[in-house]
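**Q** I have a structure here, written as structure tokens, and I will follow up with some questions on it.
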Amino acid sequence: MVFWDAWKSTDLDAFRAIVGAFAGAFFAYLFVRFGDALKKVYDRKESNHTALIKLQHYFNDCLSTTSDNIFIVNNCVEVFTEERLASAEVPIYMNSFHQYPINRDVVAQLTNVDFLNEVYSLNITLRKMNDSLATIDRSYTQLRDSYLAKAIDEATYKANARQYRDRCAEIKAFLLQLKDDLIRLFAVTNLLMQDRPFLVRVILALVRTTYPKNFDVRLKPEQERVAAQIEAFAKASAEKIRETQNKPK
């Protein structure tokens with residue numbers, strides 16, 4: 001009614017005041033909503049950047065686990081050679097494969113759909129790899145325990161140990177392929193991280209992220225000082241142990 005009365009009245013100043021107040025409130029509302037939308041977009045981008053950092057550590061851990069498992073495969077093949085299996089020696093293997101960590105939560109924070117699908121596929125591959133490695137480990141553990149408990153004879157043990165070796169050799173190809181996939185995803189992550197949020201760029205510009213100049217020159221004496229402290233602590237600890245041992249009972 002107030003707006004209508006102002007519209008019908010001849011007092012243009014009152015009308016302008018009401019229209020100005022309405023326009024001000026309307027545009028203030030639009031700016032608030034626009035600012036809130038921009039904040040959500042920035043928060044989403046920052047969450048994606050944080051997820052990429054976490055994935056770098058994740059891929060690095062998986063690469064380390066892959067290297068360990070490839071070493072175990074090679075070591076297994078060296079232990080169960082045909083020459084040793086044909087001899088009077090009975091090789092016993094005590095090592096086992098390492099399980100891969102699987103990070104499912106970080107996938108939901110990614111904004112790049114293509115990369116999200118690749119990480120999701122990687123997690124499926126890692127789950128299947130864990131199942132395969134656990135099956136191989138379980139089969140040999142049962143075989144080894146049965147032989148040590150004298151539930152099976154030497155010939156049966158060696159025949160099944162040969163199968164275990166062959167299964168380990170077969171899984172190596174999948175481990176090498178997994179290694180290539182992880183290296184590729186690590187490289188993709190590095191490229192995607194170049195699109196950093198604004199505040200992250202400001203922080204990186206203000207905070208040193210690489211070693212300063214002449215760092216190696218400063219590092220050597222500091223390394224020697226730390227080594228000397230460790231050695232002194234070890235000597236002091238050994239002296240305390242000797243004093244304790246020499247105390248009269």
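Naming works like this for the structure tokens: A, B, ... for the chains as they're shown, residue 1 at the start of each chain, ligands 1 onward in shown order.
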Mind checking which residues fall within 7 Å of region 171-183 of chain A, counting only C-alpha atoms, ignoring those fewer than 3 positions away in the same chain, and posting them as an NGL selection string?

**A** :A and (59 or 63 or 66 or 70 or 73 or 167-168 or 186-187)

**Q** Please produce an output containing N, CA and C atoms for each residue in the selection, written as a PDB file, in the first residue's frame.

**A**
ATOM      1  N   PHE A  59      49.469 -42.229  -4.055  1.00  0.00           N
ATOM      2  CA  PHE A  59      50.131 -42.895  -5.181  1.00  0.00           C
ATOM      3  C   PHE A  59      51.567 -43.262  -4.827  1.00  0.00           C
ATOM      4  N   LEU A  63      53.121 -46.948  -4.952  1.00  0.00           N
ATOM      5  CA  LEU A  63      54.334 -47.253  -5.724  1.00  0.00           C
ATOM      6  C   LEU A  63      55.368 -47.954  -4.844  1.00  0.00           C
ATOM      7  N   THR A  66      54.244 -51.456  -4.385  1.00  0.00           N
ATOM      8  CA  THR A  66      54.460 -52.218  -5.627  1.00  0.00           C
ATOM      9  C   THR A  66      55.915 -52.643  -5.756  1.00  0.00           C
ATOM     10  N   ILE A  70      57.195 -56.493  -5.991  1.00  0.00           N
ATOM     11  CA  ILE A  70      58.024 -56.974  -7.111  1.00  0.00           C
ATOM     12  C   ILE A  70      59.305 -57.606  -6.570  1.00  0.00           C
ATOM     13  N   VAL A  73      58.430 -61.060  -5.357  1.00  0.00           N
ATOM     14  CA  VAL A  73      58.282 -61.991  -6.480  1.00  0.00           C
ATOM     15  C   VAL A  73      59.641 -62.470  -6.954  1.00  0.00           C
ATOM     16  N   ARG A 167      52.881 -68.967  -9.738  1.00  0.00           N
ATOM     17  CA  ARG A 167      51.831 -67.966  -9.529  1.00  0.00           C
ATOM     18  C   ARG A 167      52.443 -66.605  -9.200  1.00  0.00           C
ATOM     19  N   CYS A 168      53.521 -66.622  -8.422  1.00  0.00           N
ATOM     20  CA  CYS A 168      54.220 -65.368  -8.126  1.00  0.00           C
ATOM     21  C   CYS A 168      54.788 -64.744  -9.403  1.00  0.00           C
ATOM     22  N   PHE A 186      50.267 -40.328 -11.111  1.00  0.00           N
ATOM     23  CA  PHE A 186      51.087 -39.361 -10.381  1.00  0.00           C
ATOM     24  C   PHE A 186      51.400 -38.160 -11.272  1.00  0.00           C
ATOM     25  N   ALA A 187      51.712 -38.436 -12.538  1.00  0.00           N
ATOM     26  CA  ALA A 187      52.007 -37.359 -13.487  1.00  0.00           C
ATOM     27  C   ALA A 187      50.757 -36.518 -13.760  1.00  0.00           C
TER      28      ALA A 187
END

**Q** Would you please work out which residue, of A:Tyr93, A:Tyr120, A:Phe115, A:Tyr164, is nearest to Leu148 (chain A) when using only C-alpha atoms?

**A**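 Between A:Tyr93, A:Tyr120, A:Phe115, A:Tyr164, the residue approaching Leu148 (chain A) most closely is A:Tyr93.
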
**Q** Skipping near chain neighbours, those fewer than 2 positions away, what residues fall within 12 Å of region 100-109 of chain A using only C-alpha atoms, listed as JSON, numbers by chain?

**A** {"A": [43, 44, 45, 46, 47, 48, 49, 50, 51, 52, 53, 54, 55, 56, 57, 58, 59, 60, 61, 62, 63, 64, 65, 66, 67, 68, 69, 97, 98, 111, 112, 113, 114, 115, 116, 117, 118, 119, 120, 121, 122, 123, 124, 125, 126, 127, 128, 129, 130, 131, 132, 133, 134, 175, 178]}

**Q** Take the selection from the previous step and output its residues with C-alpha atoms, as a PDB file, in the first residue's frame.

**A**
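Generated output (selection36.pdb):
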ATOM      1  CA  ASP A  43      35.804 -23.962  -1.413  1.00  0.00           C
ATOM      2  CA  ARG A  44      35.171 -26.723  -3.937  1.00  0.00           C
ATOM      3  CA  LYS A  45      38.329 -25.824  -5.842  1.00  0.00           C
ATOM      4  CA  GLU A  46      40.350 -25.709  -2.616  1.00  0.00           C
ATOM      5  CA  SER A  47      38.939 -29.095  -1.574  1.00  0.00           C
ATOM      6  CA  ASN A  48      39.959 -30.500  -4.960  1.00  0.00           C
ATOM      7  CA  HIS A  49      43.489 -29.121  -4.528  1.00  0.00           C
ATOM      8  CA  THR A  50      43.738 -30.683  -1.060  1.00  0.00           C
ATOM      9  CA  ALA A  51      42.539 -33.990  -2.507  1.00  0.00           C
ATOM     10  CA  LEU A  52      45.264 -33.840  -5.179  1.00  0.00           C
ATOM     11  CA  ILE A  53      47.918 -33.386  -2.487  1.00  0.00           C
ATOM     12  CA  LYS A  54      46.531 -36.398  -0.600  1.00  0.00           C
ATOM     13  CA  LEU A  55      46.530 -38.425  -3.820  1.00  0.00           C
ATOM     14  CA  GLN A  56      50.212 -37.651  -4.386  1.00  0.00           C
ATOM     15  CA  HIS A  57      51.006 -39.274  -1.035  1.00  0.00           C
ATOM     16  CA  TYR A  58      48.558 -42.101  -1.818  1.00  0.00           C
ATOM     17  CA  PHE A  59      50.131 -42.895  -5.181  1.00  0.00           C
ATOM     18  CA  ASN A  60      53.604 -42.686  -3.663  1.00  0.00           C
ATOM     19  CA  ASP A  61      52.641 -45.217  -0.964  1.00  0.00           C
ATOM     20  CA  CYS A  62      51.175 -47.521  -3.611  1.00  0.00           C
ATOM     21  CA  LEU A  63      54.334 -47.253  -5.724  1.00  0.00           C
ATOM     22  CA  SER A  64      56.424 -48.145  -2.679  1.00  0.00           C
ATOM     23  CA  THR A  65      54.206 -51.150  -1.980  1.00  0.00           C
ATOM     24  CA  THR A  66      54.460 -52.218  -5.627  1.00  0.00           C
ATOM     25  CA  SER A  67      58.259 -52.087  -5.495  1.00  0.00           C
ATOM     26  CA  ASP A  68      58.207 -54.213  -2.341  1.00  0.00           C
ATOM     27  CA  ASN A  69      55.921 -56.787  -3.949  1.00  0.00           C
ATOM     28  CA  PHE A  97      53.178 -59.815  -0.027  1.00  0.00           C
ATOM     29  CA  HIS A  98      52.266 -56.341   1.201  1.00  0.00           C
ATOM     30  CA  THR A 111      36.185 -32.026  -9.524  1.00  0.00           C
ATOM     31  CA  ASN A 112      37.705 -33.495 -12.693  1.00  0.00           C
ATOM     32  CA  VAL A 113      35.352 -36.298 -13.738  1.00  0.00           C
ATOM     33  CA  ASP A 114      37.891 -38.021 -16.006  1.00  0.00           C
ATOM     34  CA  PHE A 115      40.488 -38.133 -13.242  1.00  0.00           C
ATOM     35  CA  LEU A 116      37.869 -39.183 -10.695  1.00  0.00           C
ATOM     36  CA  ASN A 117      36.959 -42.189 -12.857  1.00  0.00           C
ATOM     37  CA  GLU A 118      40.606 -43.164 -13.211  1.00  0.00           C
ATOM     38  CA  VAL A 119      41.204 -43.047  -9.456  1.00  0.00           C
ATOM     39  CA  TYR A 120      38.008 -45.029  -8.878  1.00  0.00           C
ATOM     40  CA  SER A 121      39.203 -47.663 -11.374  1.00  0.00           C
ATOM     41  CA  LEU A 122      42.588 -47.749  -9.640  1.00  0.00           C
ATOM     42  CA  ASN A 123      40.925 -48.502  -6.298  1.00  0.00           C
ATOM     43  CA  ILE A 124      39.064 -51.413  -7.905  1.00  0.00           C
ATOM     44  CA  THR A 125      42.347 -52.701  -9.355  1.00  0.00           C
ATOM     45  CA  LEU A 126      44.059 -52.410  -5.967  1.00  0.00           C
ATOM     46  CA  ARG A 127      41.237 -54.278  -4.248  1.00  0.00           C
ATOM     47  CA  LYS A 128      41.491 -57.121  -6.767  1.00  0.00           C
ATOM     48  CA  MET A 129      45.279 -57.122  -6.451  1.00  0.00           C
ATOM     49  CA  ASN A 130      44.999 -57.378  -2.650  1.00  0.00           C
ATOM     50  CA  ASP A 131      42.668 -60.352  -3.012  1.00  0.00           C
ATOM     51  CA  SER A 132      45.034 -62.101  -5.442  1.00  0.00           C
ATOM     52  CA  LEU A 133      48.110 -61.496  -3.285  1.00  0.00           C
ATOM     53  CA  ALA A 134      46.291 -62.656  -0.152  1.00  0.00           C
ATOM     54  CA  LEU A 175      52.418 -55.568 -10.725  1.00  0.00           C
ATOM     55  CA  LEU A 178      50.092 -51.377 -11.937  1.00  0.00           C
TER      56      LEU A 178
END

**Q** Going by DSSP on the backbone, which residues of region 75-229 of chain A come out as alpha helix (DSSP H)? List them as a PyMOL selection string.

**A** chain A and resi 75-79+82-86+113-148+154-192+198-206+215-229

**Q** Using only C-alpha atoms, find the one residue out of A:Glu89, A:Glu239, A:Glu78, A:Glu224 that sits nearest to Lys158 (chain A).

**A**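 Ranking A:Glu89, A:Glu239, A:Glu78, A:Glu224 by distance to Lys158 (chain A), first place goes to A:Glu89.
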
**Q** Distance CA of Cys76 (chain A)-CA of Arg165 (chain A), one decimal place?

**A**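 Taking CA of Cys76 (chain A) as the start and CA of Arg165 (chain A) as the end point, the length is 6.3 Å.
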